[in-house]
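J.: I am sharing work-v5.txt, which consists of compact mmCIF, C-alpha atoms:
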```txt
# COMPACT_ATOMS: atom_id res chain seq x y z
CA MET A 389 18.28 -12.03 -5.83
CA ASN A 390 19.96 -14.21 -3.23
CA LYS A 391 18.73 -17.58 -1.98
CA GLU A 392 16.93 -16.16 1.07
CA GLN A 393 14.96 -13.69 -1.05
CA THR A 394 14.03 -16.41 -3.54
CA ASP A 395 13.04 -18.76 -0.71
CA LEU A 396 10.89 -16.08 0.88
CA LEU A 397 9.03 -15.51 -2.39
CA LEU A 398 8.40 -19.24 -2.78
CA LEU A 399 7.15 -19.55 0.81
CA LEU A 400 5.00 -16.47 0.31
CA ARG A 401 3.53 -17.92 -2.88
CA GLY A 402 2.66 -21.14 -1.09
CA ALA A 403 1.04 -19.23 1.78
CA LEU A 404 -0.98 -16.87 -0.44
CA TRP A 405 -2.59 -19.66 -2.43
CA GLN A 406 -2.39 -22.30 0.33
CA ASP A 407 -0.32 -24.49 -1.98
CA GLY A 408 1.52 -27.12 0.04
CA LYS A 409 3.47 -28.40 -2.97
CA ILE A 410 5.22 -25.05 -3.44
CA ALA A 411 5.88 -24.59 0.28
CA CYS A 412 7.36 -28.08 0.61
CA SER A 413 9.70 -27.50 -2.34
CA VAL A 414 11.83 -25.02 -0.36
CA GLN A 415 14.79 -26.70 1.30
CA ASP A 416 17.75 -25.64 3.51
CA ILE A 417 15.88 -22.59 4.76
CA SER A 418 17.84 -19.98 6.72
CA TRP A 419 15.00 -19.02 9.08
CA ASP A 420 16.81 -16.18 10.87
CA LYS A 421 17.44 -14.41 7.57
CA ILE A 422 13.95 -15.19 6.26
CA TYR A 423 12.42 -13.78 9.45
CA ALA A 424 14.46 -10.58 9.15
CA ILE A 425 13.37 -10.03 5.52
CA ALA A 426 9.75 -10.92 6.27
CA LYS A 427 9.73 -8.40 9.13
CA GLU A 428 11.13 -5.68 6.83
CA GLN A 429 8.46 -6.48 4.25
CA CYS A 430 5.58 -6.79 6.75
CA VAL A 431 4.65 -10.34 5.67
CA ILE A 432 5.48 -12.37 8.79
CA GLY A 433 1.83 -13.18 9.45
CA VAL A 434 1.13 -14.14 5.84
CA LEU A 435 4.14 -16.46 5.71
CA ALA A 436 3.12 -18.07 8.99
CA GLY A 437 -0.17 -19.00 7.33
CA GLY A 438 1.79 -21.49 5.22
CA PHE A 439 3.56 -23.23 8.10
CA CYS A 440 0.91 -25.95 8.18
CA PHE A 441 2.43 -27.30 4.94
CA LEU A 442 6.02 -27.49 6.21
CA ASP A 443 7.47 -30.68 7.65
CA ALA A 444 9.86 -31.01 10.60
CA ASP A 445 12.91 -31.08 8.32
CA GLN A 446 12.00 -27.67 6.92
CA CYS A 447 11.06 -25.91 10.15
CA SER A 448 11.41 -27.03 13.77
CA GLY A 449 8.76 -26.51 16.42
CA ASP A 450 10.96 -24.01 18.28
CA GLU A 451 11.40 -21.95 15.13
CA LYS A 452 7.66 -21.88 14.50
CA LEU A 453 7.03 -20.59 18.03
CA ARG A 454 8.82 -17.30 17.30
CA TRP A 455 6.61 -16.68 14.27
CA LEU A 456 3.42 -17.76 16.00
CA ALA A 457 4.07 -15.44 18.95
CA TYR A 458 4.21 -12.58 16.46
CA VAL A 459 0.99 -13.78 14.83
CA VAL A 460 -0.88 -13.84 18.15
CA ARG A 461 -0.02 -10.16 18.71
CA LEU A 462 -0.94 -9.37 15.11
CA GLU A 463 -4.34 -11.05 15.40
CA ARG A 464 -5.07 -9.05 18.54
CA LYS A 465 -4.14 -5.80 16.78
CA ASN A 466 -6.26 -6.64 13.73
CA ARG A 467 -9.32 -7.40 15.85
CA SER A 468 -8.91 -4.09 17.65
CA LEU A 469 -8.55 -2.22 14.36
CA ASN A 470 -11.60 -3.91 12.84
CA GLU A 471 -13.67 -2.92 15.85
CA LEU A 472 -12.46 0.68 15.59
CA ILE A 473 -13.35 0.80 11.88
CA LYS A 474 -16.91 -0.30 12.61
CA LYS A 475 -17.30 2.30 15.36
CA LEU A 476 -15.74 5.01 13.19
CA PHE A 477 -18.05 4.28 10.26
CA HIS A 478 -21.09 4.21 12.55
CA LYS A 479 -20.06 7.63 13.84
CA PHE A 480 -19.56 9.13 10.38
CA GLN A 481 -22.82 7.67 9.12
CA SER A 482 -24.65 9.10 12.15
CA MET A 483 -23.24 12.47 11.04
CA GLN A 484 -24.80 11.88 7.58
CA LEU A 485 -21.35 11.58 5.94
CA SER A 486 -20.22 9.31 3.11
CA PRO A 487 -17.08 7.38 4.24
CA VAL A 488 -15.29 4.89 1.98
CA LEU A 489 -12.62 2.60 3.44
CA MET A 490 -9.45 2.40 1.37
CA LYS A 491 -6.77 -0.30 1.35
CA GLY A 492 -5.73 -1.85 4.67
CA GLN A 493 -8.45 -3.88 6.34
CA ALA A 494 -10.54 -3.82 3.16
CA PHE A 495 -7.73 -5.86 1.54
CA ALA A 496 -7.15 -8.11 4.56
CA VAL A 497 -10.46 -9.90 3.91
CA ASN A 498 -8.99 -11.28 0.66
CA TYR A 499 -6.26 -13.23 2.48
CA PRO A 500 -6.56 -16.90 3.49
CA TYR A 501 -6.20 -15.70 7.10
CA PRO A 502 -7.41 -12.06 7.21
CA LEU A 503 -6.08 -11.49 10.73
CA HIS A 504 -2.57 -12.41 9.56
CA ARG A 505 -2.13 -9.44 7.23
CA GLN A 506 0.12 -6.81 8.78
CA CYS A 507 -2.21 -3.94 9.64
CA GLY A 508 -1.36 -0.25 9.45
CA ASP A 509 -3.29 3.00 9.30
CA ILE A 510 -7.02 3.36 8.69
CA ASP A 511 -7.56 5.29 5.44
CA VAL A 512 -10.98 6.84 4.88
CA TYR A 513 -12.02 8.72 1.74
CA PHE A 514 -15.13 10.86 1.42
CA LYS A 515 -17.06 11.21 -1.83
CA ASP A 516 -17.95 14.79 -0.91
CA ARG A 517 -15.16 17.15 0.18
CA LYS A 518 -17.54 18.91 2.59
CA ASP A 519 -18.07 15.56 4.30
CA CYS A 520 -14.33 15.24 4.78
CA GLU A 521 -14.15 18.76 6.23
CA LYS A 522 -16.88 17.86 8.74
CA ALA A 523 -15.03 14.67 9.68
CA VAL A 524 -11.78 16.62 10.09
CA PHE A 525 -13.50 19.12 12.38
CA TRP A 526 -14.84 16.26 14.51
CA SER A 527 -11.44 14.48 14.59
CA SER A 528 -9.62 17.68 15.59
CA GLU A 529 -11.78 17.72 18.72
CA ILE A 530 -10.81 14.09 19.41
CA ASP A 531 -7.06 14.63 18.92
CA LYS A 532 -5.88 18.16 19.76
CA THR A 533 -2.27 17.29 18.91
CA ALA A 534 -3.23 16.41 15.34
CA ALA A 535 -5.19 19.64 15.01
CA ASP A 536 -2.09 21.66 15.92
CA SER A 537 0.51 19.73 13.91
CA SER A 538 2.36 21.44 11.06
CA GLU A 539 2.15 18.26 9.01
CA ASN A 540 -1.63 18.58 8.82
CA LYS A 541 -1.40 22.28 8.00
CA ARG A 542 0.66 21.70 4.87
CA GLU A 543 -0.82 18.33 3.84
CA CYS A 544 -3.46 18.78 1.15
CA LYS A 545 -4.18 15.09 0.60
CA HIS A 546 -5.35 13.98 4.03
CA PHE A 547 -5.71 14.84 7.70
CA THR A 548 -4.07 12.51 10.21
CA PHE A 549 -5.23 11.92 13.78
CA ALA A 550 -5.18 9.12 16.34
CA ILE A 551 -7.60 7.21 18.54
CA GLY A 552 -6.14 4.93 21.21
CA GLY A 553 -2.79 4.79 19.45
CA ASN A 554 -4.36 3.90 16.07
CA VAL A 555 -3.54 6.28 13.21
CA ILE A 556 -6.44 7.39 10.99
CA GLU A 557 -6.12 9.34 7.76
CA LEU A 558 -9.13 11.26 6.45
CA HIS A 559 -8.59 11.78 2.75
CA TYR A 560 -9.67 14.87 0.84
CA PHE A 561 -8.21 13.09 -2.22
CA MET A 562 -8.15 9.36 -2.83
CA CYS A 563 -4.76 9.75 -4.49
CA LEU A 564 -2.77 12.49 -6.21
CA PHE A 565 -0.42 13.14 -9.09
CA GLU A 566 2.15 15.93 -8.97
CA ASN A 567 1.78 16.58 -12.68
CA PRO A 568 -1.17 18.98 -13.16
CA GLN A 569 -2.30 17.41 -16.44
CA LEU A 570 -2.37 13.90 -14.98
CA GLN A 571 -3.84 15.18 -11.73
CA LYS A 572 -6.80 16.83 -13.45
CA ARG A 573 -7.63 13.68 -15.41
CA LEU A 574 -7.17 11.44 -12.37
CA GLN A 575 -9.69 13.37 -10.28
CA GLN A 576 -12.19 13.22 -13.17
CA ILE A 577 -11.74 9.44 -13.33
CA ILE A 578 -12.25 9.04 -9.57
CA ASP A 579 -15.42 11.16 -9.60
CA GLU A 580 -16.82 9.34 -12.65
CA GLU A 581 -16.04 5.87 -11.29
CA LEU A 582 -17.67 6.56 -7.94
CA ALA A 583 -20.69 8.22 -9.56
CA ASN A 584 -21.24 5.40 -12.06
CA SER A 585 -20.51 2.40 -9.82
CA HIS A 586 -22.80 0.71 -7.36
CA PRO A 587 -21.59 0.93 -3.75
CA PHE A 588 -19.03 -1.80 -3.11
CA PHE A 589 -18.56 -3.43 0.28
CA ALA A 590 -16.03 -5.49 2.21
CA GLU A 591 -17.33 -7.66 5.03
CA ILE A 592 -15.33 -6.89 8.16
CA ASP A 593 -16.25 -8.91 11.24
CA GLY A 594 -19.73 -9.61 9.89
CA GLU A 595 -20.44 -6.00 8.94
CA ASN A 596 -20.52 -4.51 5.43
CA ILE A 597 -18.17 -1.53 5.13
CA GLU A 598 -18.21 0.50 1.91
CA THR A 599 -14.92 0.43 0.06
CA VAL A 600 -13.51 1.38 -3.36
CA PRO A 601 -15.16 -0.39 -6.36
CA PRO A 602 -12.93 -2.91 -8.21
CA THR A 603 -11.89 -1.08 -11.39
CA LEU A 604 -11.03 2.07 -9.47
CA SER A 605 -9.40 0.08 -6.67
CA VAL A 606 -6.92 -1.59 -9.03
CA LEU A 607 -6.08 1.79 -10.57
CA HIS A 608 -5.68 3.25 -7.08
CA GLN A 609 -3.37 0.42 -6.00
CA ILE A 610 -1.12 0.88 -9.03
CA ILE A 611 -0.95 4.66 -8.42
CA HIS A 612 -0.20 4.08 -4.73
CA ILE A 613 2.63 1.68 -5.59
CA SER A 614 4.06 3.96 -8.29
CA ARG A 615 4.06 7.00 -6.03
CA HIS A 616 5.88 5.19 -3.24
CA LEU A 617 8.40 3.80 -5.71
CA LEU A 618 9.18 7.36 -6.77
CA GLU A 619 9.57 8.52 -3.19
CA ALA A 620 11.55 5.66 -1.67
CA GLY A 621 10.07 2.25 -2.39
CA ILE A 622 7.25 -0.15 -1.66
CA GLY A 623 6.94 -3.40 0.27
CA LEU A 624 5.85 -6.92 -0.60
CA ARG A 625 2.69 -6.42 1.45
CA GLN A 626 1.27 -4.06 -1.18
CA ILE A 627 2.25 -6.44 -4.00
CA CYS A 628 0.47 -9.29 -2.20
CA ASP A 629 -2.60 -7.06 -1.73
CA LEU A 630 -2.78 -6.49 -5.48
CA ALA A 631 -2.29 -10.17 -6.33
CA LEU A 632 -5.09 -11.35 -4.04
CA TYR A 633 -7.40 -8.51 -5.09
CA LEU A 634 -7.02 -9.39 -8.78
CA ASP A 635 -7.57 -13.05 -8.01
CA LYS A 636 -10.81 -12.40 -6.13
CA TYR A 637 -12.36 -9.59 -8.17
CA ASN A 638 -10.98 -10.11 -11.69
CA GLU A 639 -14.45 -10.73 -13.14
CA GLN A 640 -15.77 -7.47 -11.66
CA ILE A 641 -13.01 -5.33 -13.19
CA ASP A 642 -13.78 -3.52 -16.45
CA ARG A 643 -10.56 -4.36 -18.29
CA ASP A 644 -11.10 -2.02 -21.23
CA ARG A 645 -11.82 0.92 -18.97
CA LEU A 646 -8.89 0.13 -16.68
CA ASN A 647 -6.46 -0.19 -19.58
CA GLY A 648 -7.73 3.10 -20.98
CA TYR A 649 -7.05 4.81 -17.65
CA LEU A 650 -3.58 3.29 -17.40
CA GLU A 651 -2.69 4.56 -20.88
CA GLU A 652 -4.08 8.05 -20.19
CA LEU A 653 -2.21 8.37 -16.90
CA GLN A 654 1.08 6.94 -18.24
CA LEU A 655 0.89 3.98 -15.87
CA MET A 656 0.80 1.11 -18.34
CA SER A 657 4.56 0.46 -18.25
CA ILE A 658 4.71 0.12 -14.49
CA ALA A 659 1.44 -1.86 -14.40
CA ARG A 660 2.90 -4.42 -16.81
CA CYS A 661 6.09 -4.72 -14.77
CA LEU A 662 4.02 -5.30 -11.64
CA GLY A 663 1.96 -7.82 -13.57
CA SER A 664 5.12 -9.76 -14.38
CA ILE A 665 6.02 -9.92 -10.65
CA LEU A 666 2.49 -11.03 -9.74
CA VAL A 667 2.47 -13.85 -12.28
CA ASP A 668 6.11 -15.01 -12.35
CA TRP A 669 6.94 -14.69 -8.65
CA LEU A 670 3.69 -14.64 -6.67
CA GLY A 671 1.80 -17.14 -8.78
CA LEU A 672 -1.26 -15.15 -9.88
CA GLU A 673 -2.98 -16.87 -12.81
CA GLU A 674 -2.10 -14.85 -15.90
CA GLY A 675 -5.70 -14.96 -17.10
CA LYS A 676 -6.75 -12.99 -14.01
CA LEU A 677 -4.41 -10.13 -14.83
CA PRO A 678 -6.36 -7.33 -16.59
CA PHE A 679 -3.32 -6.13 -18.58
CA ASN A 680 -0.33 -7.70 -20.30
CA THR A 681 2.98 -8.38 -18.58
CA ASN A 682 6.40 -6.92 -19.34
CA THR A 683 9.54 -8.29 -17.70
CA GLN A 684 11.83 -5.39 -18.70
CA TYR A 685 11.89 -3.65 -15.31
CA ALA A 686 10.29 -6.36 -13.16
CA ASP A 687 13.54 -7.68 -11.67
CA PHE A 688 14.69 -4.12 -11.02
CA ILE A 689 11.50 -3.27 -9.08
CA LEU A 690 11.68 -6.52 -7.12
CA GLN A 691 15.29 -5.79 -6.15
CA GLU A 692 14.25 -2.26 -5.13
CA ILE A 693 11.66 -3.81 -2.82
CA PHE A 694 14.21 -6.04 -1.11
CA GLU A 695 16.92 -3.36 -0.88
CA GLY A 696 14.60 -0.68 0.47
CA GLY A 697 12.40 -2.59 2.90
CA ASN A 698 8.75 -1.68 3.46
CA PHE A 699 8.08 1.75 1.87
CA GLY A 700 11.83 2.08 1.21
CA LYS A 701 12.68 2.91 4.82
CA LYS A 702 16.27 1.74 4.37
CA LYS A 703 16.77 4.15 1.46
CA VAL A 704 15.97 7.32 3.42
CA LYS A 705 18.39 6.92 6.31
CA TYR A 706 20.01 10.19 5.22
CA ARG A 707 17.18 11.85 7.17
CA GLU A 708 18.54 10.47 10.42
CA GLY A 709 21.07 12.51 12.39
CA SER A 710 21.22 15.49 10.02
CA ASN A 711 19.96 18.98 10.79
CA GLY A 712 17.08 20.59 8.91
CA LEU A 713 19.08 22.48 6.27
CA CYS A 714 21.49 19.62 5.63
CA ARG A 715 18.61 17.16 5.35
CA LYS A 716 16.85 19.37 2.79
CA ILE A 717 20.00 19.65 0.67
CA LEU A 718 20.58 15.90 0.81
CA SER A 719 16.94 15.31 -0.16
CA VAL A 720 17.38 17.34 -3.36
CA PHE A 721 20.12 14.99 -4.55
CA TYR A 722 18.20 11.96 -3.32
CA PHE A 723 14.99 12.82 -5.17
CA TYR A 724 16.89 13.77 -8.31
CA LYS A 725 18.34 10.25 -8.42
CA ARG A 726 14.97 8.63 -7.63
CA CYS A 727 13.10 10.55 -10.32
CA LYS A 728 15.82 9.95 -12.91
CA LEU A 729 15.70 6.25 -12.06
CA TYR A 730 11.93 6.02 -12.65
CA SER A 731 11.58 8.52 -15.50
CA PRO A 732 11.51 5.73 -18.15
CA LEU A 733 8.46 4.24 -16.40
CA MET A 734 6.67 7.48 -15.40
CA PRO A 735 8.13 10.33 -17.50
CA LEU A 736 5.69 13.18 -16.80
CA GLU A 737 5.09 12.35 -13.16
CA ALA A 738 8.78 11.82 -12.34
CA LYS A 739 9.67 15.27 -13.68
CA SER A 740 6.82 17.02 -11.86
CA TYR A 741 7.49 15.09 -8.67
CA PHE A 742 11.10 16.29 -8.56
CA TRP A 743 10.30 19.97 -9.14
CA ASN A 744 7.48 19.89 -6.60
CA LYS A 745 9.85 18.37 -4.02
CA ILE A 746 12.33 21.20 -4.70
CA SER A 747 9.55 23.75 -4.27
CA LEU A 748 8.34 22.17 -1.01
CA ASN A 749 11.85 22.06 0.46
CA PHE A 750 12.38 25.71 -0.43
CA ARG A 751 9.14 26.70 1.29
CA LEU A 752 10.03 24.67 4.38
CA MET A 753 13.51 26.21 4.58
CA THR A 754 12.09 29.73 4.30
CA LYS A 755 9.20 28.86 6.68
CA HIS A 756 6.59 30.04 4.18
CA HIS A 757 4.71 26.76 3.96
CA TYR A 758 1.59 27.78 5.92
```
For this file, write the structure as structure tokens.
T.:
Amino acid sequence: MNKEQTDLLLLLRGALWQDGKIACSVQDISWDKIYAIAKEQCVIGVLAGGFCFLDADQCSGDEKLRWLAYVVRLERKNRSLNELIKKLFHKFQSMQLSPVLMKGQAFAVNYPYPLHRQCGDIDVYFKDRKDCEKAVFWSSEIDKTAADSSENKRECKHFTFAIGGNVIELHYFMCLFENPQLQKRLQQIIDEELANSHPFFAEIDGENIETVPPTLSVLHQIIHISRHLLEAGIGLRQICDLALYLDKYNEQIDRDRLNGYLEELQLMSIARCLGSILVDWLGLEEGKLPFNTNTQYADFILQEIFEGGNFGKKKVKYREGSNGLCRKILSVFYFYKRCKLYSPLMPLEAKSYFWNKISLNFRLMTKHHY
């Protein structure tokens, strides 16, 4: 890592835990470069939450203004999204449905300044598939464009629509594996965890919104990170989410059960690498980590995060400016390299992921994907 990346991690660590000693230790900061990286990683708002610890020699008033202007817009967006979530859940509950908020705003409440977390889509899971189908029918009446889109027709995981420019995903599945053996066990785990856990809530703007219970949530976060690493990459925002979640809810996580799931689903290696990043770079107390750490691939994953940007957007530029057939051919070589790269960490899933991508591209090229 270069100095700017190291500095950003130190500033992020200080902001996450509101530790002025760490923040003040960073000197000769190149703010233009830090801002560019923070924007790529969707952590501008979080970093700004640590500016109160910086002195004038570290950051001038003019420099802070650029960050704070971004934060003002971000706070406005977060308030709007929180209000939409409450209205959406009221609507689903009035329809006698069982919505569960995943990720996003449910994680924002764990931050020192919840309105400073970069917001994204609203992800809603339903404990009963029929409930999801009813919600999809209702949403297709709200957003006719979504109802007609080919992406929704071939997407088996979720249905995407929009309200007032805000993207909402209604999930048939909380998360998926491409490998059928792992997929079958994962869905059993999700059903069992939800059936055997008390409803778990996040307080959003004074209202309790049901979200994923802690043991399952940590498993879900690790699967979400691993899947995006296979596809292109992940951002620091998701790593921060996991760090703060483990800090807040570590006592409510069943460690034995979680470790059993990670072993069964071949996720222990990547979980331990992530654990090393959380402890060594983001400052999570090691005792709050529900599994052991392993540094073997930690630096590699961290470098992948910086090289790829949020969700690896910089790694998939081959999709730009190429026609459909050329893009599909390039994607075959791209995903072969990605899956080979991560096969030591996720052997079964990496192999299945590659062959399923080949199959999907073939169906798209022959227009037999409906």
J.: Could you pull the residues within 10 Å of range 449-462 of chain A, counting all atoms listed in the file, minus those fewer than 5 positions along the same chain, as a list in words?
T.: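 These residues fall inside the cut-off: Trp419, Asp420, Tyr423, Ile432, Gly433, Val434, Leu435, Ala436, Gly437, Phe439, Asp443, Ala444, Arg467, Ser468, Leu503, His504, Arg505, Gln506 and Cys507 of chain A.
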J.: May I have the residues at most 10 Å from (-6.7, -8.4, -7.9) in the file's coordinates, counting all atoms listed in the file, as a PyMOL selection string?
T.: chain A and resi 495+498+602-603+605-606+609+627-641+666+672+676-678
J.: Let me make sure I understand: among A:Phe441, A:Phe589, A:Phe721, A:Tyr685, which one has the smallest atom-to-atom distance to Ser413 in chain A if we use all atoms listed in the file?
T.: A:Phe441
J.: Considering all atoms listed in the file, can you say which of A:Ile597, A:Cys727, A:Val512, A:Ile622 comes closest to Lys474 in chain A?
T.: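 Looking at the shortest contact to Lys474 in chain A, the residue is A:Ile597.
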J.: Taking (9.2, -3.2, -8.9) in the coordinates of the supplied file, I want to know which residues reach to within 8 Å of it, counting all atoms listed in the file; could you give the answer as a ChimeraX atom specification?
T.: /A:617,658,661-662,665,685-693
J.: Okay, now the selection with C-alpha atoms, as a compact mmCIF listing (two decimals), keeping the file's coordinate frame?
T.:
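Output below, filename selection_26.txt:
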```txt
# COMPACT_ATOMS: atom_id res chain seq x y z
CA LEU A 617 8.40 3.80 -5.71
CA ILE A 658 4.71 0.12 -14.49
CA CYS A 661 6.09 -4.72 -14.77
CA LEU A 662 4.02 -5.30 -11.64
CA ILE A 665 6.02 -9.92 -10.65
CA TYR A 685 11.89 -3.65 -15.31
CA ALA A 686 10.29 -6.36 -13.16
CA ASP A 687 13.54 -7.68 -11.67
CA PHE A 688 14.69 -4.12 -11.02
CA ILE A 689 11.50 -3.27 -9.08
CA LEU A 690 11.68 -6.52 -7.12
CA GLN A 691 15.29 -5.79 -6.15
CA GLU A 692 14.25 -2.26 -5.13
CA ILE A 693 11.66 -3.81 -2.82
```
J.: Which residue, A:Asn647, A:Ser657, A:Asn567, A:Asn596, has the smallest gap to Phe742 in chain A when you use all atoms listed in the file?
T.: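 That would be A:Asn567, the residue with the smallest distance to Phe742 in chain A.
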J.: Which residue gives the smallest distance to Ala550 in chain A among A:Leu489, A:Leu469, A:Ile610, A:Leu570, with all atoms listed in the file counted?
T.: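 Of all the options, A:Leu469 lies closest to Ala550 in chain A.
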J.: Report, as AutoDock Vina command-line options, the centre and edge lengths in Å (one decimal) of the axis-aligned box enclosing every listed atom of range 466-485 of chain A, padded by 6 Å on each side.
T.:
```
--center_x -15.5 --center_y 2.5 --center_z 11.8 --size_x 30.5 --size_y 31.9 --size_z 23.7
```
J.: Given all atoms listed in the file as the basis, pick out the residue of A:Ser585, A:Ser528, A:Gln626, A:Ser482 nearest to Ala496 in chain A.
T.: A:Gln626
J.: Please compute the CA of Asn554 in chain A-CA of Glu463 in chain A distance, one decimal, in Å.
T.: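 Pair CA of Asn554 in chain A / CA of Glu463 in chain A returns 15.0 Å.
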J.: With distances taken over all atoms listed in the file, which residue among A:Pro587, A:Gly552, A:Gly623, A:Gly508 lies nearest Pro601 in chain A?
T.: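 Checking each of A:Pro587, A:Gly552, A:Gly623, A:Gly508 against Pro601 in chain A, counting all atoms listed in the file, the winner is A:Pro587.
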J.: Mind giving me the straight-line distance from CA of Ile551 in chain A to CA of Val497 in chain A in Å, one decimal?
T.: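 Separation of CA of Ile551 in chain A and CA of Val497 in chain A: 22.7 Å.
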J.: Can you measure CA of Glu619 in chain A to CA of Lys572 in chain A for me? One decimal in Å is fine.
T.: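 Computed distance, CA of Glu619 in chain A to CA of Lys572 in chain A, equals 21.0 Å.
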J.: Could you give me, as a compact mmCIF listing (two decimals) with C-alpha atoms, in the frame of the given file, the residues within 12 Å of Ile473 in chain A, counting only C-alpha atoms and dropping anything in the same chain fewer than 6 positions from it?
T.:
```
# COMPACT_ATOMS: atom_id res chain seq x y z
CA ASN A 466 -6.26 -6.64 13.73
CA ARG A 467 -9.32 -7.40 15.85
CA LYS A 479 -20.06 7.63 13.84
CA PHE A 480 -19.56 9.13 10.38
CA PRO A 487 -17.08 7.38 4.24
CA VAL A 488 -15.29 4.89 1.98
CA LEU A 489 -12.62 2.60 3.44
CA MET A 490 -9.45 2.40 1.37
CA GLY A 492 -5.73 -1.85 4.67
CA GLN A 493 -8.45 -3.88 6.34
CA ALA A 494 -10.54 -3.82 3.16
CA ASP A 509 -3.29 3.00 9.30
CA ILE A 510 -7.02 3.36 8.69
CA ASP A 511 -7.56 5.29 5.44
CA VAL A 512 -10.98 6.84 4.88
CA ILE A 551 -7.60 7.21 18.54
CA ASN A 554 -4.36 3.90 16.07
CA VAL A 555 -3.54 6.28 13.21
CA ILE A 556 -6.44 7.39 10.99
CA GLU A 557 -6.12 9.34 7.76
CA ALA A 590 -16.03 -5.49 2.21
CA GLU A 591 -17.33 -7.66 5.03
CA ILE A 592 -15.33 -6.89 8.16
CA ASP A 593 -16.25 -8.91 11.24
CA GLU A 595 -20.44 -6.00 8.94
CA ASN A 596 -20.52 -4.51 5.43
CA ILE A 597 -18.17 -1.53 5.13
CA GLU A 598 -18.21 0.50 1.91
CA THR A 599 -14.92 0.43 0.06
```
